[in-house]
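Heads up: the structure comes next, in structure tokens.
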Amino acid sequence: MLRLFGWLFGFGIFLALVAVVGAGVYLTTVSAQLPDYTVLKDYQPPVTTRVHAADGTLLAEFARERRLFQPIETVPPLLIHAFLSAEDKDFYTHGGIALDGVFRAIRDNALARIDGNSTIQGGGSSITQQVAKNFLLTSEQTWDRKIQEALLAIRIESTFSKDRILELYLNEIFLGLNSYGVAAAALNYFDKALYQLTLSEAAYIAALPKGPNNYHPFRRPQAAIERRNWVIDRMVENGYATAEEGAVAKAEPLNVVTRAGGSQLYSAEYFTEEVRRELAKLYGEDQLYGGGLSVRTTLEPQMQEYARRALMDGLIAYDQGKGFREPVASIALGEDWGLDVAKIAPLSDVPEWQLAVVLELGDNQARIGLRPDSAADGGVAPDRVVGTLSGPEIKWVSKPVDQFLKVGDVVYVAPVAGKTGIYTLEQVPEIEGALVAMDPRTGRVLAMVGGFSYALSEFNRATQALRQPGSSFKPIVYAAALDNGYTPASVVLDAPVEIRNSDGSIWRPENYAQEFYGPQTLRRGIERSRNVMTVRLAKDIGMPLVAEYAKMFGVYDSMQPVLAMALGAGETTDMRMTAAYATIANGGRKIVPTLIDRVQDRYGATIYRHDQRLCQGCEAESWTGQGEPVIIDNREQVLDPMTAYQITSMMEGVVQRGTGTAAKVLNRPVAGKTGTTNDYKDAWFVGFTPELAVGVYVGYDKPRSMGRSVTGGTFAVPIFTEFMQKALAGKPATPFNVPAGMSTAWIDPNSGVQAFDGQGGIAESFKPGTGPNLMTSVIGLSTTDYDAILREQQMQQQYGGGITQPSGNGTFLDPNLGRGGLF
């Protein structure tokens, strides 16, 4: 018996040794396959890039995984206690493996085997093990993976501090609603920062790691509450909350308020998308969506809203003038009209309007049902709101409502101010446009609207639409002339001219009114937008020179040096045109438009700054009696400051006496130029004050005529004016700065000669060494002919009647040199 016992004992020892060796071999094999856990030392999780307006307002977030990295020192103890209670109460005392969790997992797996379930049962993993799994391993449920997880946990514990392990865990874990990490979850579930979370909210977030979809706040609210309450009970049990606090927290509803992604300012979608494209170009997609960049943009939210409203008003007014086209949709009404109309998505960035379905018609009005809101769980809210679409309130449609609408038609409506339950009809315009507002001193884009609705079309007409600027390009031609020997009082003949093209064809440029006006000063030419004299001027100074100026101003990268381009026949963008005018407004300094002021990396280090001006004295460590810092403008001077003032003064005349007089209501110094292209396909006005440069473009996406009555002066200028009235409200009128050394003289605007008595003259500024003469030569006309025309004009003013151009070609001229011209 003793021998048998000894034999069994020896055999047992042998088996134990075999098991130990086998286990050792197994562990060695498994260990050899372990990933390098030391990479956690330099781990940088993908973090959300956040974009802010100039005043700090959050504009947008860009991320594949919405995560905000939160250092462990800034995580509130309340949230840490919630996670420890829910996931690993002995985290700060064990060595990487929670033994009670291991025993619990063994028990659960044994019971599963008894029940015939051969799959590995979850649970039992410590926080450190979860870090190992989430960062270094796959999620497959196998014994090998569980063993690797345990081995990695032990090694991680021996290398990293508990706080570092917890920091990795809290920032990496997935918590549903595309939330990675606790900071993102706090925002996405409750629209709060971590420090604002209540006991109930912290417990709910801590309840999510076991399965966010199992405790979804809308799809499984009861399960979510039960799991949250379980976490609260564990917190009370572990001494992190009192019983009274726990009872109050458990009585609360979930209070989940989901937070929308994308642009957070509904009027700035075009702007934020342009910023996104720029960031992707600068740093690449990986940095954009995971680099945790903090971007401060140039956008002024209030100014952006003014810009959006002004452009919308202009586009709507034009479109309504064309009459009602058709409803958004027509549907068959079922038992619940709310469910029927809810299937049609409204324009999310036009909150002033609502979709509504026509329920009944009669007596020039319609009973309408407003599209229900979406419920928090993504379904349709139960409320059904009805109202009245009143025919008399639809000022832009002359027909009774029942003559252009029928039951089941879905249309946009807007409430009538001061009349509860009464609505008027709205219509999405076909016409499109853009508005760019820029600080002319720095190139910072303060507002940008790229179309009526980003939800309808993401095409940005401010930066992507290549359009002919028409006569809004003429100031570039005139600036080139003023920089090269001309003065505002120089005279150019406005008379028929023929240009032979390279293919042998003849081009005969015409003025807007298809008339010719004889000798005109440069000032009068730009105020009344004379096409023919602009062509003569460009021919005289040479189109290669004009092309060089267009490049310096940034209007074109490479312009064909053909005379038609002097009239704005080339294609450019609203952004480029606005930047060119800003260059004139600031005295000739090169403007590079920007939507981004500064970019910081995830650690707060500035990696991009737009303003490259030098600050002399800004780096002083202390004040020792030195003077204030000096900002040195090192940007390229592309235009003589005196020339810039002369062309600015001439464009002030466009507003005071020319094609942009609708802007006179601003009652402040304003310079600008209208533009209308062939067949009235595009309308422009680009203008500026000393504080603000603004470019407005309107036209169809597929260019077609807008009608003979639609010009830059009648369409674009009112949009510009509405915006400027609001943007500059309360700001004092500032005159344009006159460079030192210029002289002023009174000039006859018709002849260009000096008006000695000042009667009917215009104060014109001249560079040193230039000035008015008693008689001025005329480009394209002999002195003898010019004298004859002046005598004819004097006779016309005294006796009336027509005159004929003395050159003998039989062309009749209008003696009133101030008439006509609109481009």
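In the structure tokens, chains take letters A, B, ... by order of appearance, with residues numbered from 1 within each chain and ligands from 1 in the order shown.
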Among stretch 510-751 of chain A, which residues does DSSP mark as helix (DSSP H, G or I) when it is run on the backbone? Keep the chain and numbering as in the structure and answer as an MDAnalysis selection string. chainID A and resid 522:527 531:541 543:552 563:567 574:585 641:656 661:666 678:680 712:727
Expected file: the selected residues, C-alpha atoms, as a PDB file, in the first residue's frame:
```pdb
ATOM      1  CA  LEU A 522     -10.571 108.901 -66.346  1.00  0.00           C
ATOM      2  CA  ARG A 523     -12.768 109.784 -63.383  1.00  0.00           C
ATOM      3  CA  ARG A 524     -15.866 110.094 -65.545  1.00  0.00           C
ATOM      4  CA  GLY A 525     -14.937 106.912 -67.383  1.00  0.00           C
ATOM      5  CA  ILE A 526     -14.868 104.799 -64.227  1.00  0.00           C
ATOM      6  CA  GLU A 527     -17.875 106.527 -62.622  1.00  0.00           C
ATOM      7  CA  ASN A 531     -16.331 100.380 -72.012  1.00  0.00           C
ATOM      8  CA  VAL A 532     -14.928 101.890 -75.191  1.00  0.00           C
ATOM      9  CA  MET A 533     -12.665 104.411 -73.508  1.00  0.00           C
ATOM     10  CA  THR A 534     -11.428 101.649 -71.166  1.00  0.00           C
ATOM     11  CA  VAL A 535     -10.411  99.628 -74.219  1.00  0.00           C
ATOM     12  CA  ARG A 536      -8.619 102.677 -75.670  1.00  0.00           C
ATOM     13  CA  LEU A 537      -6.854 103.244 -72.358  1.00  0.00           C
ATOM     14  CA  ALA A 538      -5.770  99.611 -72.096  1.00  0.00           C
ATOM     15  CA  LYS A 539      -4.541  99.704 -75.690  1.00  0.00           C
ATOM     16  CA  ASP A 540      -2.496 102.799 -74.971  1.00  0.00           C
ATOM     17  CA  ILE A 541      -0.743 101.476 -71.835  1.00  0.00           C
ATOM     18  CA  MET A 543      -2.275  94.807 -72.177  1.00  0.00           C
ATOM     19  CA  PRO A 544       0.927  93.102 -70.945  1.00  0.00           C
ATOM     20  CA  LEU A 545       1.097  95.827 -68.297  1.00  0.00           C
ATOM     21  CA  VAL A 546      -2.564  95.308 -67.381  1.00  0.00           C
ATOM     22  CA  ALA A 547      -1.945  91.550 -67.124  1.00  0.00           C
ATOM     23  CA  GLU A 548       0.985  92.176 -64.776  1.00  0.00           C
ATOM     24  CA  TYR A 549      -1.183  94.350 -62.520  1.00  0.00           C
ATOM     25  CA  ALA A 550      -3.949  91.743 -62.526  1.00  0.00           C
ATOM     26  CA  LYS A 551      -1.402  89.209 -61.296  1.00  0.00           C
ATOM     27  CA  MET A 552      -0.003  91.576 -58.649  1.00  0.00           C
ATOM     28  CA  LEU A 563      -8.067  93.816 -74.974  1.00  0.00           C
ATOM     29  CA  ALA A 564     -11.347  92.052 -74.107  1.00  0.00           C
ATOM     30  CA  MET A 565      -9.802  91.155 -70.752  1.00  0.00           C
ATOM     31  CA  ALA A 566      -9.719  94.873 -69.882  1.00  0.00           C
ATOM     32  CA  LEU A 567     -13.524  94.660 -69.643  1.00  0.00           C
ATOM     33  CA  ASP A 574     -15.438  86.745 -55.503  1.00  0.00           C
ATOM     34  CA  MET A 575     -12.702  86.098 -52.923  1.00  0.00           C
ATOM     35  CA  ARG A 576      -9.976  87.206 -55.328  1.00  0.00           C
ATOM     36  CA  MET A 577     -11.845  90.332 -56.373  1.00  0.00           C
ATOM     37  CA  THR A 578     -12.470  91.330 -52.770  1.00  0.00           C
ATOM     38  CA  ALA A 579      -8.789  90.842 -51.925  1.00  0.00           C
ATOM     39  CA  ALA A 580      -7.798  93.015 -54.908  1.00  0.00           C
ATOM     40  CA  TYR A 581     -10.036  95.850 -53.732  1.00  0.00           C
ATOM     41  CA  ALA A 582      -8.723  95.418 -50.176  1.00  0.00           C
ATOM     42  CA  THR A 583      -5.237  96.014 -51.570  1.00  0.00           C
ATOM     43  CA  ILE A 584      -6.428  99.351 -52.957  1.00  0.00           C
ATOM     44  CA  ALA A 585      -8.238 100.201 -49.713  1.00  0.00           C
ATOM     45  CA  PRO A 641      -0.105 104.649 -52.056  1.00  0.00           C
ATOM     46  CA  MET A 642      -0.857 107.817 -54.024  1.00  0.00           C
ATOM     47  CA  THR A 643      -2.222 105.766 -56.893  1.00  0.00           C
ATOM     48  CA  ALA A 644      -4.290 103.764 -54.416  1.00  0.00           C
ATOM     49  CA  TYR A 645      -5.827 106.962 -53.071  1.00  0.00           C
ATOM     50  CA  GLN A 646      -6.530 108.312 -56.564  1.00  0.00           C
ATOM     51  CA  ILE A 647      -8.355 105.186 -57.690  1.00  0.00           C
ATOM     52  CA  THR A 648     -10.186 105.091 -54.338  1.00  0.00           C
ATOM     53  CA  SER A 649     -11.341 108.690 -54.849  1.00  0.00           C
ATOM     54  CA  MET A 650     -12.490 107.860 -58.362  1.00  0.00           C
ATOM     55  CA  MET A 651     -14.461 104.876 -57.064  1.00  0.00           C
ATOM     56  CA  GLU A 652     -16.037 107.113 -54.419  1.00  0.00           C
ATOM     57  CA  GLY A 653     -17.457 108.918 -57.439  1.00  0.00           C
ATOM     58  CA  VAL A 654     -19.030 105.639 -58.587  1.00  0.00           C
ATOM     59  CA  VAL A 655     -21.125 105.740 -55.414  1.00  0.00           C
ATOM     60  CA  GLN A 656     -21.756 109.493 -55.424  1.00  0.00           C
ATOM     61  CA  THR A 661     -25.506 105.428 -56.172  1.00  0.00           C
ATOM     62  CA  ALA A 662     -27.744 103.040 -54.240  1.00  0.00           C
ATOM     63  CA  ALA A 663     -24.902 102.846 -51.695  1.00  0.00           C
ATOM     64  CA  LYS A 664     -25.133 106.583 -50.933  1.00  0.00           C
ATOM     65  CA  VAL A 665     -27.625 105.768 -48.159  1.00  0.00           C
ATOM     66  CA  LEU A 666     -24.690 104.580 -46.032  1.00  0.00           C
ATOM     67  CA  ASN A 678     -22.577  90.139 -71.358  1.00  0.00           C
ATOM     68  CA  ASP A 679     -26.234  89.209 -71.638  1.00  0.00           C
ATOM     69  CA  TYR A 680     -26.688  90.111 -67.938  1.00  0.00           C
ATOM     70  CA  GLY A 712     -24.560  95.268 -60.632  1.00  0.00           C
ATOM     71  CA  GLY A 713     -26.131  98.582 -59.665  1.00  0.00           C
ATOM     72  CA  THR A 714     -29.675  97.275 -59.293  1.00  0.00           C
ATOM     73  CA  PHE A 715     -28.987  93.829 -57.818  1.00  0.00           C
ATOM     74  CA  ALA A 716     -25.575  93.579 -56.154  1.00  0.00           C
ATOM     75  CA  VAL A 717     -25.350  97.083 -54.683  1.00  0.00           C
ATOM     76  CA  PRO A 718     -28.528  96.713 -52.545  1.00  0.00           C
ATOM     77  CA  ILE A 719     -27.114  93.487 -51.043  1.00  0.00           C
ATOM     78  CA  PHE A 720     -23.843  95.287 -50.296  1.00  0.00           C
ATOM     79  CA  THR A 721     -25.724  98.209 -48.768  1.00  0.00           C
ATOM     80  CA  GLU A 722     -27.944  96.076 -46.520  1.00  0.00           C
ATOM     81  CA  PHE A 723     -24.896  94.268 -45.174  1.00  0.00           C
ATOM     82  CA  MET A 724     -22.830  97.412 -44.625  1.00  0.00           C
ATOM     83  CA  GLN A 725     -25.647  99.214 -42.826  1.00  0.00           C
ATOM     84  CA  LYS A 726     -25.677  96.493 -40.175  1.00  0.00           C
ATOM     85  CA  ALA A 727     -21.967  95.662 -40.121  1.00  0.00           C
TER      86      ALA A 727
END
```
Shell of 10 Å around A:Thr711, only C-alpha atoms, local chain residues under 6 positions omitted, as an NGL selection string: :A and (659 or 674-677 or 680-685 or 698 or 717 or 822-823)
Residues from last step as file, all heavy atoms, as a short mmCIF file (atom, residue, chain, number, x, y, z; two decimals), in the first residue's frame:
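Result written to selection-v3.cif:
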```
data_model
loop_
_atom_site.label_atom_id
_atom_site.label_comp_id
_atom_site.auth_asym_id
_atom_site.auth_seq_id
_atom_site.Cartn_x
_atom_site.Cartn_y
_atom_site.Cartn_z
N THR A 659 -22.59 104.50 -61.15
CA THR A 659 -23.48 103.34 -61.26
C THR A 659 -23.80 102.69 -59.93
O THR A 659 -24.59 101.75 -59.88
CB THR A 659 -22.83 102.29 -62.18
OG1 THR A 659 -21.56 101.93 -61.64
CG2 THR A 659 -22.64 102.85 -63.58
N THR A 674 -19.30 98.66 -59.80
CA THR A 674 -20.27 97.67 -60.25
C THR A 674 -19.69 96.85 -61.40
O THR A 674 -18.71 97.23 -62.03
CB THR A 674 -21.55 98.37 -60.74
OG1 THR A 674 -21.18 99.33 -61.74
CG2 THR A 674 -22.26 99.05 -59.60
N GLY A 675 -20.35 95.74 -61.67
CA GLY A 675 -19.96 94.91 -62.80
C GLY A 675 -21.15 94.13 -63.31
O GLY A 675 -21.89 93.56 -62.51
N THR A 676 -21.34 94.14 -64.62
CA THR A 676 -22.40 93.36 -65.24
C THR A 676 -21.83 92.76 -66.51
O THR A 676 -21.24 93.48 -67.31
CB THR A 676 -23.63 94.22 -65.59
OG1 THR A 676 -24.02 94.97 -64.45
CG2 THR A 676 -24.79 93.34 -66.05
N THR A 677 -21.98 91.47 -66.70
CA THR A 677 -21.34 90.81 -67.84
C THR A 677 -22.31 90.71 -69.01
O THR A 677 -23.49 91.05 -68.91
CB THR A 677 -20.84 89.41 -67.45
OG1 THR A 677 -21.95 88.63 -67.00
CG2 THR A 677 -19.81 89.50 -66.35
N TYR A 680 -26.19 89.98 -69.32
CA TYR A 680 -26.69 90.11 -67.94
C TYR A 680 -26.64 88.79 -67.18
O TYR A 680 -27.52 88.47 -66.39
CB TYR A 680 -28.12 90.67 -67.93
CG TYR A 680 -28.26 91.91 -68.78
CD1 TYR A 680 -28.65 91.81 -70.11
CD2 TYR A 680 -27.95 93.15 -68.27
CE1 TYR A 680 -28.74 92.94 -70.91
CE2 TYR A 680 -28.05 94.29 -69.06
CZ TYR A 680 -28.44 94.18 -70.38
OH TYR A 680 -28.51 95.29 -71.16
N LYS A 681 -25.56 88.03 -67.41
CA LYS A 681 -25.43 86.72 -66.76
C LYS A 681 -24.88 86.83 -65.34
O LYS A 681 -25.17 85.97 -64.50
CB LYS A 681 -24.53 85.81 -67.59
CG LYS A 681 -25.15 85.38 -68.92
CD LYS A 681 -24.19 84.50 -69.70
CE LYS A 681 -24.79 84.07 -71.02
NZ LYS A 681 -23.84 83.25 -71.82
N ASP A 682 -24.08 87.84 -65.07
CA ASP A 682 -23.48 88.01 -63.75
C ASP A 682 -23.58 89.47 -63.34
O ASP A 682 -23.43 90.38 -64.17
CB ASP A 682 -21.99 87.61 -63.77
CG ASP A 682 -21.77 86.21 -64.33
OD1 ASP A 682 -22.10 85.25 -63.63
OD2 ASP A 682 -21.28 86.11 -65.47
N ALA A 683 -23.82 89.68 -62.07
CA ALA A 683 -23.87 91.04 -61.52
C ALA A 683 -22.95 91.12 -60.31
O ALA A 683 -22.95 90.21 -59.47
CB ALA A 683 -25.30 91.41 -61.14
N TRP A 684 -22.18 92.20 -60.24
CA TRP A 684 -21.18 92.37 -59.18
C TRP A 684 -21.26 93.75 -58.55
O TRP A 684 -21.68 94.72 -59.20
CB TRP A 684 -19.76 92.24 -59.75
CG TRP A 684 -19.35 90.92 -60.28
CD1 TRP A 684 -19.72 90.35 -61.47
CD2 TRP A 684 -18.44 89.99 -59.66
NE1 TRP A 684 -19.11 89.13 -61.62
CE2 TRP A 684 -18.31 88.89 -60.55
CE3 TRP A 684 -17.71 90.00 -58.47
CZ2 TRP A 684 -17.49 87.80 -60.26
CZ3 TRP A 684 -16.89 88.92 -58.19
CH2 TRP A 684 -16.79 87.84 -59.06
N PHE A 685 -20.86 93.82 -57.32
CA PHE A 685 -20.42 95.08 -56.73
C PHE A 685 -19.36 94.74 -55.69
O PHE A 685 -19.60 93.95 -54.78
CB PHE A 685 -21.55 95.86 -56.06
CG PHE A 685 -21.09 97.20 -55.55
CD1 PHE A 685 -20.86 98.24 -56.43
CD2 PHE A 685 -20.86 97.43 -54.20
CE1 PHE A 685 -20.42 99.48 -55.99
CE2 PHE A 685 -20.41 98.65 -53.75
CZ PHE A 685 -20.20 99.70 -54.64
N VAL A 698 -23.70 87.82 -57.90
CA VAL A 698 -24.96 87.09 -58.06
C VAL A 698 -25.06 86.59 -59.50
O VAL A 698 -24.58 87.23 -60.43
CB VAL A 698 -26.19 87.95 -57.71
CG1 VAL A 698 -26.32 88.14 -56.22
CG2 VAL A 698 -26.13 89.31 -58.41
N VAL A 717 -25.55 95.95 -55.60
CA VAL A 717 -25.35 97.08 -54.68
C VAL A 717 -26.33 97.06 -53.51
O VAL A 717 -25.93 97.29 -52.37
CB VAL A 717 -25.43 98.43 -55.44
CG1 VAL A 717 -25.36 99.60 -54.45
CG2 VAL A 717 -24.28 98.54 -56.44
N LEU A 822 -23.47 101.87 -67.54
CA LEU A 822 -23.93 101.16 -66.37
C LEU A 822 -23.01 100.03 -65.96
O LEU A 822 -22.97 99.64 -64.81
CB LEU A 822 -25.33 100.61 -66.63
CG LEU A 822 -26.09 100.03 -65.44
CD1 LEU A 822 -26.17 101.04 -64.32
CD2 LEU A 822 -27.47 99.59 -65.85
N PHE A 823 -22.24 99.49 -66.88
CA PHE A 823 -21.44 98.31 -66.55
C PHE A 823 -20.44 98.64 -65.46
O PHE A 823 -19.84 99.68 -65.47
CB PHE A 823 -20.71 97.78 -67.79
CG PHE A 823 -21.61 96.97 -68.68
CD1 PHE A 823 -22.47 97.59 -69.56
CD2 PHE A 823 -21.62 95.60 -68.60
CE1 PHE A 823 -23.30 96.84 -70.37
CE2 PHE A 823 -22.45 94.85 -69.40
CZ PHE A 823 -23.29 95.48 -70.29
#
```
Could you name the residues that touch A:Asn178 at 9 Å or less, counting only C-alpha atoms, but leaving out those on the same chain fewer than 5 positions away, as number ranges by chain? A: 64-67, 184-185, 188
Write out as a list in words the set of residues from stretch 461-521 of chain A that DSSP, computed on the backbone, places in strand (DSSP E or B). Arg467, Val491, Val492, Leu493, Asp494, Ile499, Arg500, Ile506, Trp507, Gly518, Pro519, Gln520 and Thr521 of chain A
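With only C-alpha atoms as the basis for measurement, A:Ala203 is the residue among A:Tyr318, A:Val256, A:Ala203, A:Ala733 that approaches A:Trp230 most closely.
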Spatial neighbours of stretch 330-343 of chain A, max dist 8 Å, only C-alpha atoms, sep filter under 3 positions, as a PyMOL selection string: chain A and resi 327+355-357+369-373+380+384+408-410
Write out as number ranges by chain each polymer residue whose atoms come within 12 Å of A:Glu285, counting only C-alpha atoms; drop sequence neighbours fewer than 3 positions from it. A: 46, 49, 62-64, 276-282, 288-293
Written file, previous selection with N, CA and C atoms, as an mmCIF file, in the first residue's frame:
```cif
data_model
loop_
_atom_site.group_PDB
_atom_site.id
_atom_site.type_symbol
_atom_site.label_atom_id
_atom_site.label_comp_id
_atom_site.auth_asym_id
_atom_site.auth_seq_id
_atom_site.Cartn_x
_atom_site.Cartn_y
_atom_site.Cartn_z
ATOM 1 N N PRO A 46 -5.959 59.524 -31.334
ATOM 2 C CA PRO A 46 -6.601 60.466 -32.270
ATOM 3 C C PRO A 46 -7.541 61.389 -31.496
ATOM 4 N N THR A 49 -10.254 67.664 -33.853
ATOM 5 C CA THR A 49 -9.838 69.025 -34.193
ATOM 6 C C THR A 49 -11.029 69.953 -34.002
ATOM 7 N N PHE A 62 -13.902 68.282 -36.249
ATOM 8 C CA PHE A 62 -13.579 67.314 -37.297
ATOM 9 C C PHE A 62 -12.876 66.121 -36.670
ATOM 10 N N ALA A 63 -13.450 64.935 -36.850
ATOM 11 C CA ALA A 63 -12.855 63.727 -36.263
ATOM 12 C C ALA A 63 -13.480 62.487 -36.868
ATOM 13 N N ARG A 64 -12.679 61.444 -36.984
ATOM 14 C CA ARG A 64 -13.227 60.128 -37.294
ATOM 15 C C ARG A 64 -13.724 59.486 -36.003
ATOM 16 N N ARG A 276 -11.960 73.669 -43.421
ATOM 17 C CA ARG A 276 -11.617 72.238 -43.423
ATOM 18 C C ARG A 276 -10.720 71.898 -44.611
ATOM 19 N N ARG A 277 -11.063 72.416 -45.784
ATOM 20 C CA ARG A 277 -10.246 72.144 -46.966
ATOM 21 C C ARG A 277 -8.839 72.710 -46.804
ATOM 22 N N GLU A 278 -8.751 73.897 -46.226
ATOM 23 C CA GLU A 278 -7.443 74.522 -46.040
ATOM 24 C C GLU A 278 -6.592 73.739 -45.046
ATOM 25 N N LEU A 279 -7.192 73.273 -43.964
ATOM 26 C CA LEU A 279 -6.456 72.486 -42.972
ATOM 27 C C LEU A 279 -5.984 71.163 -43.570
ATOM 28 N N ALA A 280 -6.831 70.529 -44.365
ATOM 29 C CA ALA A 280 -6.443 69.273 -44.999
ATOM 30 C C ALA A 280 -5.264 69.485 -45.939
ATOM 31 N N LYS A 281 -5.259 70.635 -46.621
ATOM 32 C CA LYS A 281 -4.161 70.944 -47.535
ATOM 33 C C LYS A 281 -2.868 71.229 -46.763
ATOM 34 N N LEU A 282 -2.989 71.879 -45.609
ATOM 35 C CA LEU A 282 -1.807 72.242 -44.823
ATOM 36 C C LEU A 282 -1.224 71.048 -44.071
ATOM 37 N N LEU A 288 -5.857 66.393 -39.578
ATOM 38 C CA LEU A 288 -7.136 67.094 -39.513
ATOM 39 C C LEU A 288 -8.138 66.341 -38.653
ATOM 40 N N TYR A 289 -8.222 65.016 -38.871
ATOM 41 C CA TYR A 289 -9.258 64.237 -38.190
ATOM 42 C C TYR A 289 -8.775 63.540 -36.925
ATOM 43 N N GLY A 290 -7.504 63.668 -36.599
ATOM 44 C CA GLY A 290 -7.034 63.012 -35.385
ATOM 45 C C GLY A 290 -5.929 63.746 -34.661
ATOM 46 N N GLY A 291 -5.530 64.894 -35.173
ATOM 47 C CA GLY A 291 -4.394 65.602 -34.598
ATOM 48 C C GLY A 291 -4.716 66.485 -33.414
ATOM 49 N N GLY A 292 -5.995 66.662 -33.115
ATOM 50 C CA GLY A 292 -6.357 67.493 -31.978
ATOM 51 C C GLY A 292 -5.962 68.946 -32.154
ATOM 52 N N LEU A 293 -6.055 69.455 -33.379
ATOM 53 C CA LEU A 293 -5.692 70.838 -33.640
ATOM 54 C C LEU A 293 -6.738 71.788 -33.042
#
```
Extract, using only C-alpha atoms, all DNA, RNA and protein residues at most 10 Å from stretch 456-463 of chain A, discarding same-chain residues fewer than 2 positions from it, and format them as a PyMOL selection string. chain A and resi 269-271+273-274+346-349+428+432-436+448-454+465-467+572-578+695-699+701
